[in-house]
>>> print(open('target_19.cif').read())   # mmCIF, C-alpha atoms
data_upload
loop_
_atom_site.label_atom_id
_atom_site.label_comp_id
_atom_site.auth_asym_id
_atom_site.auth_seq_id
_atom_site.Cartn_x
_atom_site.Cartn_y
_atom_site.Cartn_z
CA MET Y 24 5.43 118.57 -132.04
CA SER Y 25 2.54 118.63 -129.56
CA LEU Y 26 0.10 116.39 -127.65
CA GLN Y 27 -3.39 117.82 -127.32
CA THR Y 28 -5.38 116.13 -124.54
CA THR Y 29 -9.12 116.35 -123.86
CA MET Y 30 -11.39 114.39 -121.52
CA GLN Y 31 -14.47 112.75 -123.06
CA GLY Y 32 -16.42 111.34 -120.17
CA ASP Y 33 -13.95 109.24 -118.20
CA ARG Y 34 -11.77 108.64 -121.26
CA LEU Y 35 -8.63 110.61 -122.20
CA ASN Y 36 -8.34 111.55 -125.89
CA VAL Y 37 -4.86 112.47 -127.10
CA VAL Y 38 -4.04 113.90 -130.55
CA ALA Y 39 -0.38 113.57 -131.48
CA GLU Y 40 1.18 115.90 -134.05
CA GLY Y 41 4.53 116.64 -135.58
CA SER Y 42 7.78 114.73 -135.45
CA TRP Y 43 8.31 111.78 -133.05
CA THR Y 44 12.05 111.44 -133.47
CA ALA Y 45 15.16 111.38 -131.32
CA GLY Y 46 15.83 115.01 -132.29
CA GLN Y 47 12.64 116.05 -130.47
CA ALA Y 48 13.45 114.03 -127.33
CA ALA Y 49 13.78 117.10 -125.07
CA THR Y 50 10.24 118.20 -125.96
CA LEU Y 51 8.62 114.80 -126.41
CA GLU Y 52 9.60 113.04 -123.20
CA PRO Y 53 8.05 115.58 -120.75
CA LEU Y 54 4.78 115.47 -122.72
CA ILE Y 55 4.74 111.67 -122.62
CA ASP Y 56 5.54 111.63 -118.89
CA ALA Y 57 2.59 113.95 -118.26
CA ILE Y 58 0.06 111.43 -119.60
CA ALA Y 59 1.95 108.21 -118.84
CA THR Y 60 0.50 107.84 -115.35
CA PRO Y 61 -3.25 107.25 -115.46
CA ALA Y 62 -5.24 109.30 -112.97
CA THR Y 63 -9.00 109.31 -113.08
CA ALA Y 64 -9.34 108.24 -116.72
CA SER Y 65 -10.54 104.71 -117.45
CA GLY Y 66 -8.66 104.55 -120.76
CA ILE Y 67 -6.78 106.44 -123.45
CA SER Y 68 -7.48 106.95 -127.16
CA LEU Y 69 -4.46 108.06 -129.12
CA ASP Y 70 -4.98 109.73 -132.50
CA LEU Y 71 -1.87 109.47 -134.67
CA HIS Y 72 -3.22 110.89 -137.95
CA ASN Y 73 -1.07 114.01 -137.80
CA ILE Y 74 2.29 112.42 -137.07
CA ALA Y 75 4.66 113.66 -139.78
CA GLU Y 76 7.56 111.32 -139.02
CA ILE Y 77 8.56 108.75 -136.43
CA ASP Y 78 11.81 106.85 -135.80
CA THR Y 79 12.78 104.02 -133.47
CA PHE Y 80 13.01 106.40 -130.50
CA GLY Y 81 9.47 107.70 -131.09
CA ALA Y 82 8.11 104.19 -131.67
CA CYS Y 83 9.62 103.06 -128.34
CA LEU Y 84 8.00 106.00 -126.51
CA LEU Y 85 4.66 105.18 -128.11
CA ALA Y 86 4.93 101.50 -127.15
CA GLN Y 87 5.92 102.35 -123.56
CA LEU Y 88 3.02 104.81 -123.24
CA MET Y 89 0.47 102.24 -124.38
CA GLN Y 90 2.01 99.52 -122.20
CA SER Y 91 1.97 101.73 -119.06
CA TRP Y 92 -1.80 102.19 -119.39
CA ARG Y 93 -2.39 98.50 -120.06
CA ASP Y 94 -0.21 97.52 -117.10
CA SER Y 95 -2.47 99.62 -114.86
CA GLY Y 96 -5.50 97.64 -116.04
CA LYS Y 97 -6.91 100.36 -118.27
CA GLU Y 98 -7.79 100.34 -121.94
CA ALA Y 99 -5.36 101.89 -124.45
CA GLN Y 100 -6.10 102.32 -128.16
CA ALA Y 101 -4.13 103.96 -130.95
CA SER Y 102 -5.52 104.76 -134.39
CA GLY Y 103 -4.71 106.68 -137.55
CA LEU Y 104 -1.01 105.83 -137.78
CA PRO Y 105 0.08 106.47 -141.39
CA GLU Y 106 0.69 103.29 -143.35
CA ARG Y 107 4.39 103.98 -143.93
CA PHE Y 108 5.12 103.96 -140.18
CA ARG Y 109 3.15 100.85 -139.21
CA GLY Y 110 5.93 98.36 -139.95
CA LEU Y 111 8.41 100.14 -137.69
CA VAL Y 112 5.92 100.60 -134.85
CA ALA Y 113 4.80 96.96 -135.06
CA GLU Y 114 8.40 95.72 -134.98
CA VAL Y 115 9.28 97.90 -131.96
CA ASP Y 116 6.08 96.79 -130.18
CA ARG Y 117 6.98 93.13 -130.81
CA ALA Y 118 10.51 93.69 -129.47
CA GLU Y 119 9.14 95.44 -126.37
CA HIS Y 120 6.89 92.45 -125.62
CA GLU Y 121 9.77 89.99 -126.08
CA ILE Y 122 12.02 91.99 -123.75
CA SER Y 123 9.33 92.29 -121.11
CA ARG Y 124 8.43 88.61 -121.34
CA PRO Y 125 9.68 86.87 -118.18
CA ILE Y 126 12.48 84.38 -118.73
CA PRO Y 127 11.60 80.95 -117.37
CA LYS Y 128 13.72 80.16 -114.32
CA LYS Y 129 15.89 77.10 -114.76
CA VAL Y 130 15.95 74.35 -112.22
CA ALA Y 131 19.42 74.36 -110.66
CA ARG Y 132 19.90 70.60 -110.66
CA PHE Y 133 19.28 70.44 -114.43
CA VAL Y 134 21.66 73.28 -115.39
CA TYR Y 135 24.77 71.09 -115.42
CA LEU Y 136 22.90 68.35 -117.26
CA GLU Y 137 21.77 70.85 -119.89
CA THR Y 138 25.29 72.28 -120.24
CA MET Y 139 26.73 68.81 -120.65
CA GLY Y 140 24.09 67.87 -123.21
CA ARG Y 141 24.71 71.01 -125.25
CA ALA Y 142 28.47 70.38 -125.17
CA ILE Y 143 27.98 66.81 -126.42
CA ILE Y 144 25.66 67.97 -129.22
CA ASP Y 145 28.09 70.76 -130.24
CA SER Y 146 30.96 68.25 -130.27
CA GLY Y 147 28.94 65.91 -132.47
CA ARG Y 148 28.08 68.71 -134.89
CA TYR Y 149 31.72 69.78 -135.04
CA MET Y 150 32.89 66.26 -135.83
CA VAL Y 151 30.33 66.11 -138.66
CA THR Y 152 31.69 69.41 -140.03
CA PHE Y 153 35.28 68.18 -139.61
CA THR Y 154 34.49 64.95 -141.47
CA ALA Y 155 32.71 66.86 -144.25
CA MET Y 156 35.76 69.09 -144.74
CA LEU Y 157 38.04 66.05 -144.71
CA GLY Y 158 35.85 64.50 -147.39
CA ALA Y 159 35.89 67.69 -149.48
CA VAL Y 160 39.69 67.85 -149.32
CA GLY Y 161 39.94 64.13 -150.19
CA ASP Y 162 37.62 64.64 -153.14
CA ALA Y 163 39.70 67.60 -154.34
CA LEU Y 164 42.89 65.54 -153.95
CA PHE Y 165 41.36 62.73 -156.02
CA ARG Y 166 40.50 65.18 -158.83
CA VAL Y 167 44.03 66.65 -158.74
CA CYS Y 168 45.59 63.18 -158.88
CA ALA Y 169 43.36 62.30 -161.85
CA ASP Y 170 44.37 65.52 -163.60
CA PRO Y 171 47.63 66.98 -162.18
CA ARG Y 172 47.13 70.18 -164.22
CA ARG Y 173 44.44 71.14 -161.70
CA LEU Y 174 47.06 71.45 -158.95
CA ARG Y 175 47.54 75.05 -157.82
CA LEU Y 176 51.33 74.74 -157.85
CA THR Y 177 52.03 78.43 -157.27
CA SER Y 178 49.74 78.53 -154.25
CA PHE Y 179 51.22 75.29 -152.88
CA VAL Y 180 54.82 76.54 -153.18
CA SER Y 181 53.87 79.90 -151.65
CA GLN Y 182 52.20 78.21 -148.68
CA LEU Y 183 55.13 75.82 -148.28
CA ASP Y 184 57.46 78.82 -148.10
CA ARG Y 185 55.28 80.53 -145.49
CA VAL Y 186 54.54 77.60 -143.17
CA GLY Y 187 57.81 75.75 -143.71
CA LEU Y 188 60.85 77.78 -144.65
CA ARG Y 189 59.93 80.96 -142.76
CA ALA Y 190 59.10 78.98 -139.62
CA VAL Y 191 62.52 77.33 -139.39
CA PRO Y 192 64.27 80.02 -137.25
CA ILE Y 193 61.61 80.14 -134.51
CA ILE Y 194 61.24 76.34 -134.51
CA LEU Y 195 65.00 75.87 -134.10
CA LEU Y 196 65.20 78.43 -131.31
CA ILE Y 197 62.29 77.07 -129.26
CA THR Y 198 63.21 73.40 -129.63
CA PHE Y 199 66.86 74.20 -128.81
CA LEU Y 200 65.71 75.80 -125.56
CA ILE Y 201 63.30 72.96 -124.78
CA GLY Y 202 66.06 70.39 -125.29
CA GLY Y 203 68.37 72.34 -123.02
CA ILE Y 204 65.73 72.62 -120.28
CA ILE Y 205 64.98 68.88 -120.40
CA ALA Y 206 68.68 68.08 -120.17
CA GLN Y 207 69.23 70.49 -117.27
CA GLN Y 208 66.31 69.09 -115.28
CA GLY Y 209 67.35 65.51 -116.04
CA ILE Y 210 70.94 66.12 -114.94
CA PHE Y 211 69.82 68.00 -111.81
CA ASN Y 212 67.53 65.19 -110.63
CA PHE Y 213 69.60 62.18 -111.78
CA ARG Y 214 72.65 63.67 -110.03
CA LYS Y 215 71.03 62.80 -106.68
CA PHE Y 216 71.36 59.13 -107.60
CA GLY Y 217 74.76 59.40 -109.30
CA ALA Y 218 73.18 58.71 -112.68
CA GLU Y 219 73.73 61.93 -114.63
CA SER Y 220 74.42 60.03 -117.82
CA TYR Y 221 70.78 58.86 -117.93
CA ALA Y 222 69.81 62.44 -118.72
CA VAL Y 223 70.99 61.71 -122.25
CA ASP Y 224 68.52 58.80 -122.48
CA LEU Y 225 65.79 61.12 -121.22
CA VAL Y 226 66.54 63.81 -123.77
CA GLY Y 227 66.94 61.41 -126.69
CA ILE Y 228 63.84 59.31 -126.16
CA LEU Y 229 61.60 62.17 -125.07
CA VAL Y 230 62.57 64.48 -127.91
CA LEU Y 231 62.42 61.92 -130.70
CA ARG Y 232 59.23 60.16 -129.62
CA GLU Y 233 57.07 62.89 -128.06
CA ILE Y 234 58.28 66.40 -127.33
CA GLY Y 235 59.89 67.12 -130.69
CA VAL Y 236 56.82 66.55 -132.83
CA LEU Y 237 54.39 67.82 -130.18
CA ILE Y 238 56.15 71.16 -129.62
CA VAL Y 239 56.53 71.72 -133.36
CA ALA Y 240 52.86 70.84 -134.01
CA ILE Y 241 51.67 73.24 -131.28
CA MET Y 242 53.83 76.03 -132.66
CA VAL Y 243 52.59 75.40 -136.20
CA ALA Y 244 48.98 75.42 -134.95
CA GLY Y 245 49.53 78.81 -133.32
CA ARG Y 246 51.52 80.31 -136.18
CA SER Y 247 50.23 78.79 -139.43
CA GLY Y 248 46.82 77.44 -138.36
CA SER Y 249 45.71 80.82 -137.06
CA SER Y 250 47.00 82.41 -140.27
CA TYR Y 251 44.89 80.02 -142.38
CA THR Y 252 41.78 80.80 -140.33
CA ALA Y 253 42.31 84.56 -140.58
CA GLU Y 254 42.92 84.39 -144.33
CA LEU Y 255 39.88 82.26 -145.12
CA GLY Y 256 37.75 84.26 -142.68
CA SER Y 257 38.72 87.53 -144.36
CA MET Y 258 37.91 86.04 -147.77
CA LYS Y 259 34.56 84.85 -146.43
CA MET Y 260 33.79 88.36 -145.11
CA ARG Y 261 34.65 89.89 -148.51
CA GLU Y 262 32.47 87.23 -150.23
CA GLU Y 263 35.46 86.06 -152.28
CA ILE Y 264 34.62 82.42 -151.54
CA ASP Y 265 31.07 82.92 -152.83
CA ALA Y 266 32.57 84.52 -155.92
CA LEU Y 267 34.70 81.42 -156.51
CA ARG Y 268 31.61 79.22 -156.32
CA THR Y 269 29.80 81.57 -158.71
CA MET Y 270 32.66 81.13 -161.22
CA GLY Y 271 32.32 77.34 -160.93
CA LEU Y 272 35.50 76.84 -158.88
CA ASP Y 273 35.66 74.59 -155.82
CA PRO Y 274 37.09 76.46 -152.79
CA ALA Y 275 38.31 73.15 -151.37
CA GLU Y 276 40.47 72.60 -154.46
CA VAL Y 277 41.58 76.21 -154.98
CA LEU Y 278 42.12 77.39 -151.40
CA ILE Y 279 42.12 74.54 -148.90
CA LEU Y 280 43.99 71.69 -150.63
CA PRO Y 281 47.21 73.73 -151.29
CA ARG Y 282 47.26 74.90 -147.67
CA VAL Y 283 46.67 71.46 -146.15
CA ALA Y 284 49.18 69.82 -148.53
CA ALA Y 285 51.80 72.43 -147.64
CA LEU Y 286 51.32 71.73 -143.94
CA ILE Y 287 51.57 67.96 -144.46
CA CYS Y 288 54.86 68.43 -146.33
CA ALA Y 289 56.30 71.05 -143.98
CA LEU Y 290 55.54 69.59 -140.54
CA PRO Y 291 57.70 66.42 -140.86
CA ILE Y 292 60.63 68.54 -142.08
CA LEU Y 293 60.17 71.00 -139.21
CA THR Y 294 59.88 68.09 -136.79
CA PHE Y 295 63.16 66.64 -138.03
CA LEU Y 296 64.95 69.98 -137.74
CA GLY Y 297 63.36 70.70 -134.37
CA SER Y 298 64.42 67.31 -132.99
CA LEU Y 299 68.01 67.92 -134.10
CA ALA Y 300 67.95 71.37 -132.48
CA ALA Y 301 66.58 69.92 -129.23
CA LEU Y 302 69.27 67.24 -129.13
CA PHE Y 303 71.88 69.90 -129.85
CA GLY Y 304 70.52 72.04 -127.01
CA GLY Y 305 70.57 69.03 -124.69
CA GLY Y 306 74.18 68.30 -125.69
CA ILE Y 307 75.28 71.88 -125.06
CA VAL Y 308 73.67 71.92 -121.59
CA ALA Y 309 75.15 68.50 -120.75
CA TRP Y 310 78.59 69.79 -121.74
CA LEU Y 311 78.32 73.05 -119.79
CA TYR Y 312 76.27 71.85 -116.79
CA ALA Y 313 77.56 68.31 -116.27
CA GLY Y 314 80.97 68.41 -117.99
CA MET Y 315 79.86 65.74 -120.47
CA SER Y 316 81.87 66.22 -123.65
CA PRO Y 317 80.12 66.11 -127.06
CA ALA Y 318 81.83 62.83 -127.91
CA ILE Y 319 80.52 61.19 -124.73
CA PHE Y 320 77.05 62.67 -125.27
CA ILE Y 321 76.86 61.31 -128.83
CA ALA Y 322 78.18 57.91 -127.79
CA ARG Y 323 75.63 57.70 -124.97
CA LEU Y 324 72.90 58.87 -127.33
CA LYS Y 325 73.70 56.10 -129.82
CA ASP Y 326 73.25 53.53 -127.05
CA ALA Y 327 70.04 55.10 -125.71
CA ILE Y 328 67.96 55.59 -128.83
CA SER Y 329 67.11 53.53 -131.87
CA ILE Y 330 65.67 54.22 -135.29
CA THR Y 331 62.27 53.16 -133.90
CA HIS Y 332 62.11 56.23 -131.66
CA PHE Y 333 62.78 58.45 -134.64
CA GLU Y 334 60.17 56.65 -136.75
CA VAL Y 335 57.51 57.02 -134.04
CA GLY Y 336 57.94 60.81 -133.99
CA MET Y 337 58.04 61.20 -137.75
CA ILE Y 338 54.98 59.01 -138.38
CA LYS Y 339 52.87 61.31 -136.19
CA ALA Y 340 53.83 64.51 -137.99
CA PRO Y 341 51.72 64.24 -141.21
CA PHE Y 342 48.59 63.27 -139.24
CA MET Y 343 49.02 66.20 -136.87
CA ALA Y 344 49.50 68.49 -139.88
CA LEU Y 345 46.28 67.17 -141.43
CA VAL Y 346 44.35 67.84 -138.22
CA ILE Y 347 45.73 71.38 -137.91
CA GLY Y 348 44.99 72.16 -141.56
CA ILE Y 349 41.41 70.84 -141.49
CA VAL Y 350 40.55 72.54 -138.19
CA SER Y 351 41.96 75.92 -139.25
CA CYS Y 352 40.09 75.81 -142.58
CA VAL Y 353 36.81 74.75 -140.93
CA GLU Y 354 37.06 77.62 -138.47
CA GLY Y 355 37.93 80.06 -141.25
CA LEU Y 356 34.81 79.14 -143.23
CA LYS Y 357 32.66 79.60 -140.09
CA VAL Y 358 33.52 83.33 -139.87
CA LYS Y 359 30.50 85.61 -140.11
CA GLY Y 360 30.51 89.19 -141.31
CA SER Y 361 32.27 90.94 -138.42
CA ALA Y 362 35.77 91.45 -137.05
CA GLU Y 363 34.59 90.04 -133.70
CA SER Y 364 33.62 86.77 -135.39
CA LEU Y 365 36.99 86.64 -137.16
CA GLY Y 366 38.85 87.04 -133.87
CA PHE Y 367 36.67 84.45 -132.12
CA GLN Y 368 37.12 81.83 -134.83
CA THR Y 369 40.88 82.42 -135.00
CA THR Y 370 41.18 81.85 -131.25
CA SER Y 371 38.91 78.82 -131.51
CA SER Y 372 41.07 77.43 -134.32
CA VAL Y 373 44.25 77.53 -132.22
CA VAL Y 374 42.57 76.05 -129.13
CA LYS Y 375 40.88 73.21 -131.03
CA SER Y 376 43.99 72.43 -133.07
CA ILE Y 377 46.19 72.13 -129.98
CA PHE Y 378 43.56 70.07 -128.16
CA LEU Y 379 43.12 67.63 -131.06
CA VAL Y 380 46.90 67.37 -131.59
CA ILE Y 381 47.36 66.33 -127.95
CA VAL Y 382 44.46 63.88 -128.18
CA LEU Y 383 45.92 62.42 -131.38
CA ASP Y 384 49.31 62.08 -129.69
CA GLY Y 385 47.63 60.13 -126.90
CA PHE Y 386 45.99 57.76 -129.39
CA PHE Y 387 49.33 57.24 -131.15
CA ALA Y 388 51.03 56.49 -127.82
CA ILE Y 389 48.44 53.77 -127.10
CA PHE Y 390 48.74 52.40 -130.64
CA PHE Y 391 52.55 52.23 -130.68
CA ALA Y 392 52.58 50.67 -127.22
CA SER Y 393 50.12 47.99 -128.39
CA ILE Y 394 52.28 47.04 -131.40
CA GLY Y 395 55.55 47.16 -129.44
CA MET Y 396 57.13 50.25 -131.00
#
>>> encode(input="target_19.cif", output="structure tokens")
Amino acid sequence: MSLQTTMQGDRLNVVAEGSWTAGQAATLEPLIDAIATPATASGISLDLHNIAEIDTFGACLLAQLMQSWRDSGKEAQASGLPERFRGLVAEVDRAEHEISRPIPKKVARFVYLETMGRAIIDSGRYMVTFTAMLGAVGDALFRVCADPRRLRLTSFVSQLDRVGLRAVPIILLITFLIGGIIAQQGIFNFRKFGAESYAVDLVGILVLREIGVLIVAIMVAGRSGSSYTAELGSMKMREEIDALRTMGLDPAEVLILPRVAALICALPILTFLGSLAALFGGGIVAWLYAGMSPAIFIARLKDAISITHFEVGMIKAPFMALVIGIVSCVEGLKVKGSAESLGFQTTSSVVKSIFLVIVLDGFFAIFFASIGM
């Protein structure tokens, strides 16, 4: 490639030839630098008739050359660019102008207000999406109830096995440890007042009403909710969900309803098992740490708790499962076409599920307190 320069009066005429591509960078850049700084010329006329090929690199050099002359207050004109290259050069020139456009400086005292406003708007949009998904699942459930043959029984049983049966060992282990820790801390602190036996009340009420269902729900959100998001996100990336719609199938009925229903069935069972494991852990620690025999622990537990405490914990479980299922499916369907998006939405699914589960638990605590449970 070459740049032939001639002076015509006080104007610099440049004829460009050859290939303006990244492969010619070593030759092209010194030639561009030689004419990039205006000297005595009042303007530049660039003739591009003989350019054989040009890529993004060459288009950027051309745009920077023209802009350097214009920035110095001198006229710059280019002509003769073959038609097949004009789209690329125009797009690069537009991008160069957008990049060089100064970004308006924000007023500091309005930054927090803007951030808060955007957060409120995003929260509102998310609640609309959440409600729409809830409605889609409800509509699918209505159709399945009207015609039970539409139920994807194989998918439902498979999901129930994954989120329920296979989660039992880790749920039992974690809740056993949590129960033991609560009992140890209760005994350690109540011992100062000579009231070690009240640690049993603490373990029983706390596990059955709050900690049992909350710990299990958080673990299910991290284990099964993230799995749902990753699965649906991968299907979205492979356009399998669009293919289902093309075949006339409703993704909410085929994919989402079996998953949400499996969670709603599995979480109460896991909560029940987790609560038993936590009480067992508390009993073991009370026996080993405070010398409280199992018979005494069980007798004290019978006096401390009632069926109401158990009911409070179990009533929360299906609602928490519904929240986890809807959030994980919403986040899965928001995945774009990249692995980065899949990872972001999976993380977002776990964070939002745990946040909403804790908020829901707070609302239930207020509700049960208001009705005397």
>>> closest_residue(input="target_19.cif", among="Y:Val350, Y:Ala163, Y:Leu188, Y:Val358", to="Ala275 in chain Y", atoms="all atoms listed in the file")
Y:Ala163
>>> residues_around(input="target_19.cif", residues="Asn36 in chain Y", least_positions_apart="6", cutoff="9 Å", atoms="all atoms listed in the file", output="PyMOL selection string")
chain Y and resi 27-30+66-70
>>> residues_around(input="target_19.cif", residues="Lys375 in chain Y", least_positions_apart="6", cutoff="10 Å", atoms="all atoms listed in the file", output="PyMOL selection string")
chain Y and resi 244+346-347+350-351+354+381
>>> atom_distance(input="target_19.cif", atom1="CA of Gly41 in chain Y", atom2="CA of Ile74 in chain Y")
5.0 Å
>>> resolve_selection(input="target_19.cif", expression="the PyMOL selection byres ((chain Y and resi 299) around 10)", output="list in words")
Leu195, Thr198, Phe199, Gly202, Gly227, Val230, Leu231, Gly235, Leu293, Thr294, Phe295, Leu296, Gly297, Ser298, Ala300, Ala301, Leu302, Phe303, Gly304 and Gly305 of chain Y
>>> closest_residue(input="target_19.cif", among="Y:Ser361, Y:Ser25, Y:Gln182, Y:Gln368", to="Ile287 in chain Y", atoms="only C-alpha atoms")
Y:Gln182
>>> resolve_selection(input="target_19.cif", expression="the PyMOL selection byres ((chain Y and resi 285) around 8)", output="list in words")
Phe179, Val180, Gln182, Leu183, Val186, Gly187, Pro281, Arg282, Val283, Ala284, Leu286, Ile287, Cys288 and Ala289 of chain Y
>>> resolve_selection(input="target_19.cif", expression="the PyMOL selection byres ((chain Y and resi 258) around 12)", output="MDAnalysis selection string")
chainID Y and resid 251:257 259:267 274 278 352 355:361 365
>>> closest_residue(input="target_19.cif", among="Y:Ser250, Y:Val380, Y:Ala113, Y:Ser178", to="Gly366 in chain Y", atoms="all atoms listed in the file")
Y:Ser250
>>> residues_around(input="target_19.cif", residues="Gly314 in chain Y", least_positions_apart="5", cutoff="12 Å", atoms="all atoms listed in the file", output="list in words")
Gln207, Ile210, Glu219, Ser220, Gly306, Ile307, Val308, Ala309, Ile319 and Phe320 of chain Y
>>> residues_around(input="target_19.cif", residues="Val374 in chain Y", least_positions_apart="5", cutoff="9 Å", atoms="only C-alpha atoms", output="PyMOL selection string")
chain Y and resi 244-245+369+379
>>> atom_distance(input="target_19.cif", atom1="CA of Val373 in chain Y", atom2="CA of Phe387 in chain Y")
20.9 Å
>>> atom_distance(input="target_19.cif", atom1="CA of Pro53 in chain Y", atom2="CA of Leu88 in chain Y")
12.1 Å
>>> closest_residue(input="target_19.cif", among="Y:Leu311, Y:Met337, Y:Ala218, Y:Ala57", to="Glu233 in chain Y", atoms="all atoms listed in the file")
Y:Met337
>>> closest_residue(input="target_19.cif", among="Y:Ala318, Y:Ile197, Y:Ile377, Y:Ala75", to="Gly248 in chain Y", atoms="only C-alpha atoms")
Y:Ile377
>>> closest_residue(input="target_19.cif", among="Y:Leu280, Y:Ile205, Y:Ala45, Y:Met396", to="Phe333 in chain Y", atoms="only C-alpha atoms")
Y:Met396
>>> build_atoms(input="target_19.cif", residues="range 180-193 of chain Y", atoms="N, CA, C and O atoms", output="short mmCIF file (atom, residue, chain, number, x, y, z; two decimals), keeping the file's coordinate frame")
data_model
loop_
_atom_site.label_atom_id
_atom_site.label_comp_id
_atom_site.auth_asym_id
_atom_site.auth_seq_id
_atom_site.Cartn_x
_atom_site.Cartn_y
_atom_site.Cartn_z
N VAL Y 180 53.43 76.15 -153.46
CA VAL Y 180 54.82 76.54 -153.18
C VAL Y 180 54.85 77.76 -152.26
O VAL Y 180 55.67 77.86 -151.33
N SER Y 181 53.92 78.71 -152.51
CA SER Y 181 53.87 79.90 -151.65
C SER Y 181 53.54 79.53 -150.21
O SER Y 181 54.17 80.03 -149.26
N GLN Y 182 52.56 78.64 -150.03
CA GLN Y 182 52.20 78.21 -148.68
C GLN Y 182 53.33 77.42 -148.03
O GLN Y 182 53.59 77.57 -146.82
N LEU Y 183 54.01 76.60 -148.82
CA LEU Y 183 55.13 75.82 -148.28
C LEU Y 183 56.25 76.75 -147.80
O LEU Y 183 56.88 76.50 -146.76
N ASP Y 184 56.45 77.83 -148.52
CA ASP Y 184 57.46 78.82 -148.10
C ASP Y 184 57.05 79.49 -146.79
O ASP Y 184 57.87 79.66 -145.89
N ARG Y 185 55.76 79.81 -146.69
CA ARG Y 185 55.28 80.53 -145.49
C ARG Y 185 55.29 79.65 -144.25
O ARG Y 185 55.77 80.04 -143.19
N VAL Y 186 54.69 78.44 -144.37
CA VAL Y 186 54.54 77.60 -143.17
C VAL Y 186 55.77 76.76 -142.89
O VAL Y 186 55.93 76.26 -141.77
N GLY Y 187 56.64 76.58 -143.90
CA GLY Y 187 57.81 75.75 -143.71
C GLY Y 187 59.09 76.54 -143.55
O GLY Y 187 59.65 76.65 -142.45
N LEU Y 188 59.53 77.13 -144.65
CA LEU Y 188 60.85 77.78 -144.65
C LEU Y 188 60.91 78.94 -143.66
O LEU Y 188 61.89 79.07 -142.90
N ARG Y 189 59.88 79.79 -143.65
CA ARG Y 189 59.93 80.96 -142.76
C ARG Y 189 59.73 80.61 -141.29
O ARG Y 189 59.96 81.44 -140.42
N ALA Y 190 59.29 79.38 -141.02
CA ALA Y 190 59.10 78.98 -139.62
C ALA Y 190 60.35 78.34 -139.03
O ALA Y 190 60.40 78.11 -137.82
N VAL Y 191 61.34 78.05 -139.86
CA VAL Y 191 62.52 77.33 -139.39
C VAL Y 191 63.24 78.05 -138.24
O VAL Y 191 63.56 77.43 -137.21
N PRO Y 192 63.51 79.37 -138.34
CA PRO Y 192 64.27 80.02 -137.25
C PRO Y 192 63.59 79.90 -135.89
O PRO Y 192 64.23 79.54 -134.90
N ILE Y 193 62.29 80.18 -135.82
CA ILE Y 193 61.61 80.14 -134.51
C ILE Y 193 61.49 78.71 -134.01
O ILE Y 193 61.60 78.45 -132.79
#
